[in-house]
Amino acid sequence: MPKDTSAFPESFLCTAVTPGKPQLQLRLGHATAAVPGKDNEDFHGIVTPREELQALDRGIAVAIADGVSGRGGGRLASETAVKSLLRDYYAAPDTWNITQALDKLLRSINDWLLSENARHPEYDGMVTTLTMIVFKGNYYHLAHVGDTRVYRRRGEVFKQLTIDHTWQRGDMRHVLKRAVGLDSHLVVDYTDGELFPGDVFLMASDGIWEVLGERVVYEVMHKGGSTQAIADELVERSIKNQVQYMGRNDATAVVIAVDEVPGGR
């Protein structure tokens, strides 16, 4: 069972190997915080080979979710989705490839949330965004639904790898049009790509990218520092800016840096 990473604030190392290619090392930093006076409805989880032997075969998985509920069920939705997906992904049949496994499991989680919403109308609907990256060998595999975002810094190029599944409102805020638990027909975006030494990924809830804006996120990602320092700075600046923003968005940032292990071919 993946552990709640809120208990593990330090960065840590993990490795992934593809025969004939450089051995890659991942450095991870993560931080999360709620706006003062409310519960944190974000949740994130990380599975590394040290925590799960099957990660050597299934890769290293990182997931982030931002729960939404009219009456306090957002945290239950996000935590259940992340924990269930990470746990069941490593127990999936070997005959399922990564995308097949994630798709089947996400649909199952979606069905569970829909049934809970039917049984517990007092929550006024529990839904959650969910974004997961699996790092396996020299490639990444991405599953995404909602408006949590994944960015990649490759050299000087800073690129958003996900698409926001939202409607824009007249007050410039946004409403989810795709999320886990929102509709019986769940549509998830899947993509993959090759990893290169020097890549840095950012997984961020809307409390980061919406509150700070992409210019600030870009600046923090490009000025360097450890993955943990970057994650901490993004979350701290978001919480400080909430007063001006007039929002109540929890802030979560997971930063993953890709390095080549010297002599690791």
# chains A, B, ... in the order shown; residues from 1 in each chain; ligands from 1
>>> residues_around(residues="Asp250 of chain A", least_positions_apart="5", cutoff="7 Å", atoms="only C-alpha atoms", output="PyMOL selection string")
chain A and resi 33-35+40-42+207
>>> write_last_selection(atoms="all heavy atoms", output="compact mmCIF listing (two decimals), in the first residue's frame")
# COMPACT_ATOMS: atom_id res chain seq x y z
N ALA A 33 -0.25 22.27 1.10
CA ALA A 33 -0.77 23.07 2.20
C ALA A 33 -2.18 23.52 1.88
O ALA A 33 -2.54 23.74 0.72
CB ALA A 33 0.12 24.29 2.48
N ALA A 34 -2.97 23.66 2.93
CA ALA A 34 -4.33 24.17 2.79
C ALA A 34 -4.35 25.65 3.14
O ALA A 34 -3.50 26.14 3.89
CB ALA A 34 -5.28 23.42 3.70
N VAL A 35 -5.30 26.34 2.58
CA VAL A 35 -5.54 27.72 2.99
C VAL A 35 -5.94 27.70 4.47
O VAL A 35 -6.75 26.86 4.88
CB VAL A 35 -6.65 28.35 2.13
CG1 VAL A 35 -6.96 29.75 2.61
CG2 VAL A 35 -6.25 28.35 0.68
N ASN A 40 -7.44 20.50 3.80
CA ASN A 40 -6.75 20.33 2.52
C ASN A 40 -7.45 19.24 1.72
O ASN A 40 -7.47 18.08 2.12
CB ASN A 40 -5.29 19.95 2.77
CG ASN A 40 -4.45 20.03 1.51
OD1 ASN A 40 -4.97 20.06 0.39
ND2 ASN A 40 -3.14 20.04 1.67
N GLU A 41 -8.04 19.62 0.59
CA GLU A 41 -8.74 18.64 -0.25
C GLU A 41 -7.85 18.09 -1.36
O GLU A 41 -8.30 17.27 -2.15
CB GLU A 41 -10.00 19.27 -0.84
CG GLU A 41 -11.03 19.61 0.23
CD GLU A 41 -12.35 20.10 -0.35
OE1 GLU A 41 -12.33 20.92 -1.29
OE2 GLU A 41 -13.40 19.67 0.15
N ASP A 42 -6.59 18.54 -1.40
CA ASP A 42 -5.61 17.92 -2.30
C ASP A 42 -5.04 16.66 -1.64
O ASP A 42 -5.00 16.55 -0.41
CB ASP A 42 -4.43 18.86 -2.57
CG ASP A 42 -4.79 20.03 -3.48
OD1 ASP A 42 -5.94 20.09 -3.94
OD2 ASP A 42 -3.90 20.88 -3.71
N GLY A 207 -4.20 25.35 -7.12
CA GLY A 207 -3.73 26.29 -6.13
C GLY A 207 -2.34 26.81 -6.44
O GLY A 207 -1.93 27.86 -5.91
>>> residues_around(residues="Leu182 of chain A", least_positions_apart="6", cutoff="12 Å", atoms="only C-alpha atoms", output="list in words")
Gly67, Val68, Ser69, Ala77, Arg107, Ile109, Asn110, Asp111, Trp112, Leu113, Leu114, Ser115, Glu116, Asn117, Ala118, Asp124, Gly125, Met126, Val127, Thr128, Thr129, Val145, Gly146, His165, Val175 and Leu176 of chain A
>>> write_last_selection(atoms="N, CA and C atoms", output="PDB file, in the first residue's frame")
ATOM      1  N   GLY A  67      -9.661  17.256  -4.775  1.00  0.00           N
ATOM      2  CA  GLY A  67     -11.052  16.893  -4.564  1.00  0.00           C
ATOM      3  C   GLY A  67     -11.978  18.087  -4.509  1.00  0.00           C
ATOM      4  N   VAL A  68     -13.214  17.864  -4.949  1.00  0.00           N
ATOM      5  CA  VAL A  68     -14.230  18.922  -4.970  1.00  0.00           C
ATOM      6  C   VAL A  68     -15.517  18.346  -4.386  1.00  0.00           C
ATOM      7  N   SER A  69     -16.116  19.075  -3.484  1.00  0.00           N
ATOM      8  CA  SER A  69     -17.408  18.673  -2.937  1.00  0.00           C
ATOM      9  C   SER A  69     -18.072  19.892  -2.338  1.00  0.00           C
ATOM     10  N   ALA A  77     -12.711  12.091  -1.593  1.00  0.00           N
ATOM     11  CA  ALA A  77     -12.642  11.733  -3.006  1.00  0.00           C
ATOM     12  C   ALA A  77     -11.198  11.680  -3.485  1.00  0.00           C
ATOM     13  N   ARG A 107     -11.676   3.770 -14.250  1.00  0.00           N
ATOM     14  CA  ARG A 107     -13.114   3.561 -14.455  1.00  0.00           C
ATOM     15  C   ARG A 107     -13.764   2.931 -13.223  1.00  0.00           C
ATOM     16  N   ILE A 109     -12.684   3.285 -10.089  1.00  0.00           N
ATOM     17  CA  ILE A 109     -12.746   4.343  -9.074  1.00  0.00           C
ATOM     18  C   ILE A 109     -13.889   5.307  -9.375  1.00  0.00           C
ATOM     19  N   ASN A 110     -14.067   5.629 -10.643  1.00  0.00           N
ATOM     20  CA  ASN A 110     -15.168   6.515 -11.049  1.00  0.00           C
ATOM     21  C   ASN A 110     -16.516   5.906 -10.676  1.00  0.00           C
ATOM     22  N   ASP A 111     -16.674   4.615 -10.931  1.00  0.00           N
ATOM     23  CA  ASP A 111     -17.934   3.940 -10.587  1.00  0.00           C
ATOM     24  C   ASP A 111     -18.175   3.968  -9.080  1.00  0.00           C
ATOM     25  N   TRP A 112     -17.105   3.789  -8.305  1.00  0.00           N
ATOM     26  CA  TRP A 112     -17.249   3.791  -6.847  1.00  0.00           C
ATOM     27  C   TRP A 112     -17.694   5.167  -6.353  1.00  0.00           C
ATOM     28  N   LEU A 113     -17.070   6.211  -6.867  1.00  0.00           N
ATOM     29  CA  LEU A 113     -17.457   7.552  -6.446  1.00  0.00           C
ATOM     30  C   LEU A 113     -18.902   7.867  -6.825  1.00  0.00           C
ATOM     31  N   LEU A 114     -19.300   7.454  -8.013  1.00  0.00           N
ATOM     32  CA  LEU A 114     -20.687   7.684  -8.422  1.00  0.00           C
ATOM     33  C   LEU A 114     -21.657   6.977  -7.484  1.00  0.00           C
ATOM     34  N   SER A 115     -21.332   5.747  -7.095  1.00  0.00           N
ATOM     35  CA  SER A 115     -22.220   5.005  -6.186  1.00  0.00           C
ATOM     36  C   SER A 115     -22.250   5.657  -4.806  1.00  0.00           C
ATOM     37  N   GLU A 116     -21.095   6.163  -4.334  1.00  0.00           N
ATOM     38  CA  GLU A 116     -21.062   6.846  -3.048  1.00  0.00           C
ATOM     39  C   GLU A 116     -21.869   8.135  -3.085  1.00  0.00           C
ATOM     40  N   ASN A 117     -21.795   8.833  -4.206  1.00  0.00           N
ATOM     41  CA  ASN A 117     -22.578  10.063  -4.336  1.00  0.00           C
ATOM     42  C   ASN A 117     -24.068   9.783  -4.298  1.00  0.00           C
ATOM     43  N   ALA A 118     -24.461   8.641  -4.880  1.00  0.00           N
ATOM     44  CA  ALA A 118     -25.880   8.267  -4.847  1.00  0.00           C
ATOM     45  C   ALA A 118     -26.323   7.891  -3.437  1.00  0.00           C
ATOM     46  N   ASP A 124     -23.198  16.399  -1.366  1.00  0.00           N
ATOM     47  CA  ASP A 124     -23.455  17.291  -2.500  1.00  0.00           C
ATOM     48  C   ASP A 124     -22.495  17.023  -3.655  1.00  0.00           C
ATOM     49  N   GLY A 125     -22.182  15.755  -3.853  1.00  0.00           N
ATOM     50  CA  GLY A 125     -21.341  15.345  -4.976  1.00  0.00           C
ATOM     51  C   GLY A 125     -19.861  15.367  -4.654  1.00  0.00           C
ATOM     52  N   MET A 126     -19.233  14.182  -4.650  1.00  0.00           N
ATOM     53  CA  MET A 126     -17.784  14.086  -4.450  1.00  0.00           C
ATOM     54  C   MET A 126     -17.133  13.778  -5.791  1.00  0.00           C
ATOM     55  N   VAL A 127     -16.292  14.664  -6.247  1.00  0.00           N
ATOM     56  CA  VAL A 127     -15.543  14.425  -7.485  1.00  0.00           C
ATOM     57  C   VAL A 127     -14.101  14.839  -7.242  1.00  0.00           C
ATOM     58  N   THR A 128     -13.214  14.394  -8.115  1.00  0.00           N
ATOM     59  CA  THR A 128     -11.823  14.758  -7.966  1.00  0.00           C
ATOM     60  C   THR A 128     -11.111  14.767  -9.306  1.00  0.00           C
ATOM     61  N   THR A 129     -10.196  15.693  -9.462  1.00  0.00           N
ATOM     62  CA  THR A 129      -9.259  15.602 -10.571  1.00  0.00           C
ATOM     63  C   THR A 129      -8.287  14.476 -10.241  1.00  0.00           C
ATOM     64  N   VAL A 145      -7.098  13.574 -15.917  1.00  0.00           N
ATOM     65  CA  VAL A 145      -8.473  14.044 -16.047  1.00  0.00           C
ATOM     66  C   VAL A 145      -8.669  15.174 -15.040  1.00  0.00           C
ATOM     67  N   GLY A 146      -9.205  16.302 -15.516  1.00  0.00           N
ATOM     68  CA  GLY A 146      -9.438  17.434 -14.631  1.00  0.00           C
ATOM     69  C   GLY A 146      -8.529  18.605 -14.941  1.00  0.00           C
ATOM     70  N   HIS A 165      -9.517  20.290 -18.342  1.00  0.00           N
ATOM     71  CA  HIS A 165     -10.878  19.882 -18.697  1.00  0.00           C
ATOM     72  C   HIS A 165     -11.860  20.756 -17.912  1.00  0.00           C
ATOM     73  N   VAL A 175     -14.904  25.799 -14.097  1.00  0.00           N
ATOM     74  CA  VAL A 175     -15.704  24.689 -13.581  1.00  0.00           C
ATOM     75  C   VAL A 175     -15.267  23.421 -14.309  1.00  0.00           C
ATOM     76  N   LEU A 176     -15.091  22.347 -13.562  1.00  0.00           N
ATOM     77  CA  LEU A 176     -14.661  21.088 -14.169  1.00  0.00           C
ATOM     78  C   LEU A 176     -15.740  20.523 -15.084  1.00  0.00           C
TER      79      LEU A 176
END
>>> select_by_dssp(residues="segment 91-165 of chain A", states="alpha helix (DSSP H)", output="list in words")
Ile98, Thr99, Gln100, Ala101, Leu102, Asp103, Lys104, Leu105, Leu106, Arg107, Ser108, Ile109, Asn110, Asp111, Trp112, Leu113, Leu114, Ser115, Glu116, Asn117, Ala118 and Arg119 of chain A
>>> residues_around(residues="Lys223 of chain A", least_positions_apart="4", cutoff="12 Å", atoms="only C-alpha atoms", output="list of chain:residue names")
A:Arg153, A:Gly155, A:Glu156, A:Val216, A:Val217, A:Tyr218, A:Glu219, A:Thr227, A:Ala229, A:Ile230, A:Glu233
>>> atom_distance(atom1="atom CA of Val47 of chain A", atom2="atom CA of Asp88 of chain A")
11.9 Å
>>> closest_residue(among="A:Val254, A:Leu26, A:Val157, A:Leu106", to="Ala63 of chain A", atoms="only C-alpha atoms")
A:Val254
>>> atom_distance(atom1="atom CA of Ala253 of chain A", atom2="atom CA of Lys177 of chain A")
22.7 Å
>>> atom_distance(atom1="atom CA of Gln228 of chain A", atom2="atom CA of Leu102 of chain A")
27.4 Å
>>> residues_around(residues="Ile208 of chain A", least_positions_apart="6", cutoff="7 Å", atoms="only C-alpha atoms", output="JSON, numbers by chain")
{"A": [234, 235, 238, 251, 252]}
>>> select_by_dssp(residues="segment 25-87 of chain A", states="strand (DSSP E)", output="ChimeraX atom specification")
/A:25-33,42-47,60-69
>>> write_last_selection(atoms="N, CA and C atoms", output="compact mmCIF listing (two decimals), in the first residue's frame")
# COMPACT_ATOMS: atom_id res chain seq x y z
N GLN A 25 18.13 8.43 -12.80
CA GLN A 25 17.84 8.63 -11.39
C GLN A 25 16.82 9.75 -11.25
N LEU A 26 15.82 9.53 -10.43
CA LEU A 26 14.79 10.54 -10.20
C LEU A 26 14.95 11.15 -8.82
N ARG A 27 14.94 12.46 -8.78
CA ARG A 27 14.94 13.18 -7.50
C ARG A 27 13.56 13.83 -7.34
N LEU A 28 12.92 13.55 -6.23
CA LEU A 28 11.55 14.02 -6.03
C LEU A 28 11.45 14.93 -4.81
N GLY A 29 10.72 16.01 -4.99
CA GLY A 29 10.36 16.89 -3.89
C GLY A 29 8.86 17.14 -3.92
N HIS A 30 8.23 17.27 -2.78
CA HIS A 30 6.78 17.45 -2.77
C HIS A 30 6.36 18.27 -1.56
N ALA A 31 5.33 19.08 -1.75
CA ALA A 31 4.81 19.92 -0.68
C ALA A 31 3.34 20.16 -0.91
N THR A 32 2.60 20.33 0.18
CA THR A 32 1.17 20.61 0.07
C THR A 32 0.73 21.41 1.28
N ALA A 33 -0.25 22.27 1.10
CA ALA A 33 -0.77 23.07 2.20
C ALA A 33 -2.18 23.52 1.88
N ASP A 42 -6.59 18.54 -1.40
CA ASP A 42 -5.61 17.92 -2.30
C ASP A 42 -5.04 16.66 -1.64
N PHE A 43 -4.58 15.74 -2.48
CA PHE A 43 -3.88 14.57 -1.96
C PHE A 43 -2.92 14.08 -3.03
N HIS A 44 -1.74 13.62 -2.61
CA HIS A 44 -0.78 13.08 -3.56
C HIS A 44 -0.09 11.86 -2.96
N GLY A 45 0.41 11.00 -3.84
CA GLY A 45 1.07 9.79 -3.39
C GLY A 45 2.19 9.41 -4.33
N ILE A 46 3.20 8.74 -3.78
CA ILE A 46 4.38 8.34 -4.55
C ILE A 46 4.73 6.91 -4.17
N VAL A 47 5.02 6.09 -5.17
CA VAL A 47 5.49 4.73 -4.92
C VAL A 47 6.85 4.58 -5.58
N ILE A 60 7.80 3.63 -11.51
CA ILE A 60 7.69 4.49 -10.34
C ILE A 60 6.50 5.40 -10.57
N ALA A 61 5.54 5.38 -9.68
CA ALA A 61 4.28 6.07 -9.91
C ALA A 61 4.11 7.26 -8.98
N VAL A 62 3.63 8.36 -9.55
CA VAL A 62 3.34 9.57 -8.79
C VAL A 62 1.95 10.04 -9.19
N ALA A 63 1.09 10.28 -8.21
CA ALA A 63 -0.28 10.70 -8.50
C ALA A 63 -0.66 11.90 -7.65
N ILE A 64 -1.48 12.76 -8.21
CA ILE A 64 -1.95 13.96 -7.52
C ILE A 64 -3.43 14.16 -7.84
N ALA A 65 -4.19 14.58 -6.84
CA ALA A 65 -5.63 14.76 -7.03
C ALA A 65 -6.09 15.98 -6.24
N ASP A 66 -7.12 16.63 -6.75
CA ASP A 66 -7.72 17.80 -6.11
C ASP A 66 -9.22 17.53 -5.99
N GLY A 67 -9.66 17.26 -4.78
CA GLY A 67 -11.05 16.89 -4.56
C GLY A 67 -11.98 18.09 -4.51
N VAL A 68 -13.21 17.86 -4.95
CA VAL A 68 -14.23 18.92 -4.97
C VAL A 68 -15.52 18.35 -4.39
N SER A 69 -16.12 19.07 -3.48
CA SER A 69 -17.41 18.67 -2.94
C SER A 69 -18.07 19.89 -2.34
>>> residues_around(residues="Asp259 of chain A", least_positions_apart="6", cutoff="6 Å", atoms="only C-alpha atoms", output="PyMOL selection string")
chain A and resi 24-25+197-198
>>> write_last_selection(atoms="C-alpha atoms", output="compact mmCIF listing (two decimals), in the first residue's frame")
# COMPACT_ATOMS: atom_id res chain seq x y z
CA LEU A 24 18.16 7.32 -14.90
CA GLN A 25 17.84 8.63 -11.39
CA PRO A 197 18.67 13.65 -18.37
CA GLY A 198 17.96 17.19 -17.24
